[in-house]
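For reference, the structure discussed in these notes is given below.
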Amino acid sequence: MGLSLILNPVSSVRYFEFDFVKKNLGGNPNGLTILDVSSPYLFGIYTAINYPASKYLYVNADVAEIRNLHKLTRLIGLAAPTYQAMEGNAVKLSYSEGYFDAVISISVIEHVDGVDDGKAMAEMWRVLKVGGTLNLTFMVAKNYEEEFRKESQYNLPVAQTGGEYFFQRFYDKESVQRRLLDAIDNFEIIDQKIWGEKENGFFKAYEKRWMNNGLSETVKDPAYMHQYFDAYEDFDGLQGIGIMCIALRKR
């Protein structure tokens, strides 16, 4: 783990996602109470270390992931109230309405199977204060599709179709509205970005190489993202698969 973090501290589209969310937390998130719903945990650790006056709460339904995170935070001396990791389900958060100044969920909601992505969206919105921001990122494509894999990728119960496990969905413009934005109300979009592959098919070919080659492939991520991805104004310009980042303020 140590070597992989040194050689490849941020993987793939995280370069776009982390930068977007960091910017939309504001220049100095000290003093904020932040909920992170199952994002790649490097972002939360970075934020808590650099802004120790913030209160950063991380939840994940994967108990094994939480155990590993507890070991890591003990090792680096990161503790509550600055940072706290606990088991929690995105579709039934254990916090009161309007508890958090900001909610973050990086590349998670597309992995929530069934119709629970809308439920997770509503729950994250419920626990957010009026005036607070929800920073959300997820995979997109010009045409909606779902991806299934032969093995479950997480330590969670996942629906099966034809003997394969649901892995993720790629939202199109219509499903972003219907499945995510229609689950909440009283919001304004304060920032929105789409980064997508320049040539359709690159990302799926990359994923296959990554699953076969591991670290020797992912260390190339910075070069890949620079060379093969570009910013798009909207879904119409997308060539294939992309990542959408959206910041919503609760009114």
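Letters A, B, ... mark the chains of the structure tokens in the order given; residue numbers begin at 1 per chain; ligand numbers begin at 1, in order shown.
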
From stretch 2-226 of chain A, collect each residue whose DSSP state is helix (DSSP H, G or I) and return the set as a VMD selection string. chain A and resid 2 to 7 14 to 24 42 to 50 63 to 76 109 to 111 116 to 126 173 to 183 202 to 213 215 to 218 221 to 226

For stretch 20-93 of chain A versus stretch 109-123 of chain A, which residues have an atom no more than 7 Å away, and what is each residue's nearest atom pair and distance in Å rounded to one decimal, using only C-alpha atoms, chain-then-number order, as JSON lines?
{"residue": "A:Ala90", "atom": "CA", "partner": "A:Ala120", "partner_atom": "CA", "distance": 5.1}
{"residue": "A:Val91", "atom": "CA", "partner": "A:Ala120", "partner_atom": "CA", "distance": 4.3}
{"residue": "A:Lys92", "atom": "CA", "partner": "A:Glu123", "partner_atom": "CA", "distance": 6.6}
{"residue": "A:Leu93", "atom": "CA", "partner": "A:Glu123", "partner_atom": "CA", "distance": 6.5}

Take the selection from the previous step and output its residues with N, CA and C atoms, as a JSON list (two decimals), in the first residue's frame.
[["chain", "number", "residue", "atom", "x", "y", "z"],
["A", 90, "ALA", "N", -25.58, 5.00, 3.03],
["A", 90, "ALA", "CA", -25.97, 6.25, 2.36],
["A", 90, "ALA", "C", -27.47, 6.41, 2.22],
["A", 91, "VAL", "N", -28.22, 5.32, 2.19],
["A", 91, "VAL", "CA", -29.66, 5.43, 1.99],
["A", 91, "VAL", "C", -30.41, 5.60, 3.32],
["A", 92, "LYS", "N", -29.67, 5.55, 4.44],
["A", 92, "LYS", "CA", -30.30, 5.76, 5.74],
["A", 92, "LYS", "C", -29.26, 6.32, 6.70],
["A", 93, "LEU", "N", -28.95, 7.59, 6.54],
["A", 93, "LEU", "CA", -27.93, 8.24, 7.36],
["A", 93, "LEU", "C", -28.47, 8.50, 8.77]]

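Taking atom CA of A:Glu217 as the reference point, atom CA of A:Tyr15 is found at 15.9 Å.
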
Compile the contact shell of A:Asn200 as a list in words: residues with an atom at most 10 Å away, counting only C-alpha atoms, same-chain residues fewer than 4 positions apart removed. Ala141, Gly196, Lys204, Ala205, Tyr228, Leu238, Gln239, Gly240, Ile241 and Gly242 of chain A

Pairwise distance for atom CA of A:Pro222 and atom CA of A:Ser12, rounded to one decimal in Å: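 Going from atom CA of A:Pro222 over to atom CA of A:Ser12 covers 7.2 Å.
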
Applying 10 Å and only C-alpha atoms, which residues near A:Asn135 remain after dropping the ones on its own chain fewer than 3 positions away? List them as a VMD selection string. chain A and resid 17 20 to 22 24 to 25 36 102 to 106 132 191 to 192 245 to 249

Would you list the contacts of A:Met225 as JSON, numbers by chain, taking every protein, DNA or RNA residue within 9 Å and counting only C-alpha atoms, but skipping same-chain residues closer than 4 positions in sequence? {"A": [12, 13, 15, 16, 197, 220, 221, 229, 230]}

With C-alpha atoms retained, write the just-selected residues as a PDB file, in the first residue's frame.
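Result went into again.pdb, see below:
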ATOM      1  CA  SER A  12      -7.508   7.998 -12.901  1.00  0.00           C
ATOM      2  CA  VAL A  13     -10.332  10.575 -12.926  1.00  0.00           C
ATOM      3  CA  TYR A  15      -7.381  14.186 -10.651  1.00  0.00           C
ATOM      4  CA  PHE A  16     -10.484  15.989 -11.912  1.00  0.00           C
ATOM      5  CA  GLU A 197     -12.466  10.744 -23.127  1.00  0.00           C
ATOM      6  CA  LYS A 220       0.519   6.185 -16.056  1.00  0.00           C
ATOM      7  CA  ASP A 221      -2.746   7.831 -14.957  1.00  0.00           C
ATOM      8  CA  PHE A 229      -9.414  13.380 -21.590  1.00  0.00           C
ATOM      9  CA  ASP A 230     -10.828  16.824 -22.251  1.00  0.00           C
TER      10      ASP A 230
END

Closest to A:Ile49 among A:Tyr83, A:Phe167, A:Tyr224, A:Phe100, using only C-alpha atoms?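 Of all the options, A:Tyr83 lies closest to A:Ile49.
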
Distance query A:Thr33 at most 12 Å, only C-alpha atoms, self and fewer than 6 positions along chain excluded, as a PyMOL selection string: chain A and resi 25+47-48+51-58+81-84+98-104+127-129+132-133

Computed gap from atom CA of A:Glu174 to atom CA of A:Gly131 is 26.4 Å

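By only C-alpha atoms, and with residues fewer than 5 positions from A:Phe148 along its chain excluded, the set lying at most 8 Å from it is Thr161, Glu164, Tyr165, Phe166, Phe167 and Gln168 of chain A.
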
Looking at only C-alpha atoms, which of A:Ser11, A:His226, A:Lys173, A:Leu72 is the one that sits closest to A:Trp210? A:Ser11

Run DSSP on the backbone and grab whatever in stretch 74-117 of chain A lands in strand (DSSP E or B); send it over as number ranges by chain. A: 83-87, 89, 92, 100-106

Can I get the selection written as an mmCIF file, in the first residue's frame, with N, CA and C atoms?
data_model
loop_
_atom_site.group_PDB
_atom_site.id
_atom_site.type_symbol
_atom_site.label_atom_id
_atom_site.label_comp_id
_atom_site.auth_asym_id
_atom_site.auth_seq_id
_atom_site.Cartn_x
_atom_site.Cartn_y
_atom_site.Cartn_z
ATOM 1 N N TYR A 83 -11.325 14.237 12.578
ATOM 2 C CA TYR A 83 -11.650 13.206 11.582
ATOM 3 C C TYR A 83 -12.222 12.000 12.300
ATOM 4 N N GLN A 84 -13.301 11.476 11.763
ATOM 5 C CA GLN A 84 -13.917 10.277 12.339
ATOM 6 C C GLN A 84 -14.513 9.429 11.218
ATOM 7 N N ALA A 85 -14.182 8.145 11.216
ATOM 8 C CA ALA A 85 -14.704 7.214 10.217
ATOM 9 C C ALA A 85 -15.596 6.191 10.903
ATOM 10 N N MET A 86 -16.745 5.903 10.304
ATOM 11 C CA MET A 86 -17.669 4.961 10.928
ATOM 12 C C MET A 86 -18.497 4.268 9.863
ATOM 13 N N GLU A 87 -19.062 3.133 10.265
ATOM 14 C CA GLU A 87 -19.953 2.421 9.359
ATOM 15 C C GLU A 87 -21.239 3.227 9.189
ATOM 16 N N ASN A 89 -24.780 3.770 6.169
ATOM 17 C CA ASN A 89 -25.426 3.468 4.906
ATOM 18 C C ASN A 89 -25.963 4.755 4.282
ATOM 19 N N LYS A 92 -29.669 5.555 4.439
ATOM 20 C CA LYS A 92 -30.300 5.762 5.744
ATOM 21 C C LYS A 92 -29.255 6.321 6.699
ATOM 22 N N PHE A 100 -25.084 19.152 8.591
ATOM 23 C CA PHE A 100 -23.769 19.381 7.986
ATOM 24 C C PHE A 100 -23.723 20.663 7.151
ATOM 25 N N ASP A 101 -22.552 21.310 7.195
ATOM 26 C CA ASP A 101 -22.296 22.477 6.352
ATOM 27 C C ASP A 101 -22.028 22.071 4.905
ATOM 28 N N ALA A 102 -21.450 20.898 4.729
ATOM 29 C CA ALA A 102 -21.125 20.407 3.382
ATOM 30 C C ALA A 102 -21.207 18.891 3.379
ATOM 31 N N VAL A 103 -21.632 18.341 2.249
ATOM 32 C CA VAL A 103 -21.659 16.893 2.043
ATOM 33 C C VAL A 103 -20.881 16.597 0.761
ATOM 34 N N ILE A 104 -20.060 15.547 0.816
ATOM 35 C CA ILE A 104 -19.209 15.153 -0.303
ATOM 36 C C ILE A 104 -19.463 13.685 -0.615
ATOM 37 N N SER A 105 -19.554 13.352 -1.882
ATOM 38 C CA SER A 105 -19.592 11.948 -2.277
ATOM 39 C C SER A 105 -18.934 11.838 -3.654
ATOM 40 N N ILE A 106 -17.730 11.309 -3.662
ATOM 41 C CA ILE A 106 -16.902 11.262 -4.866
ATOM 42 C C ILE A 106 -16.953 9.869 -5.474
#

Using only C-alpha atoms, find the one residue out of A:Ser175, A:Phe235, A:Ile66, A:Val108 that sits nearest to A:Gly88. A:Ile66
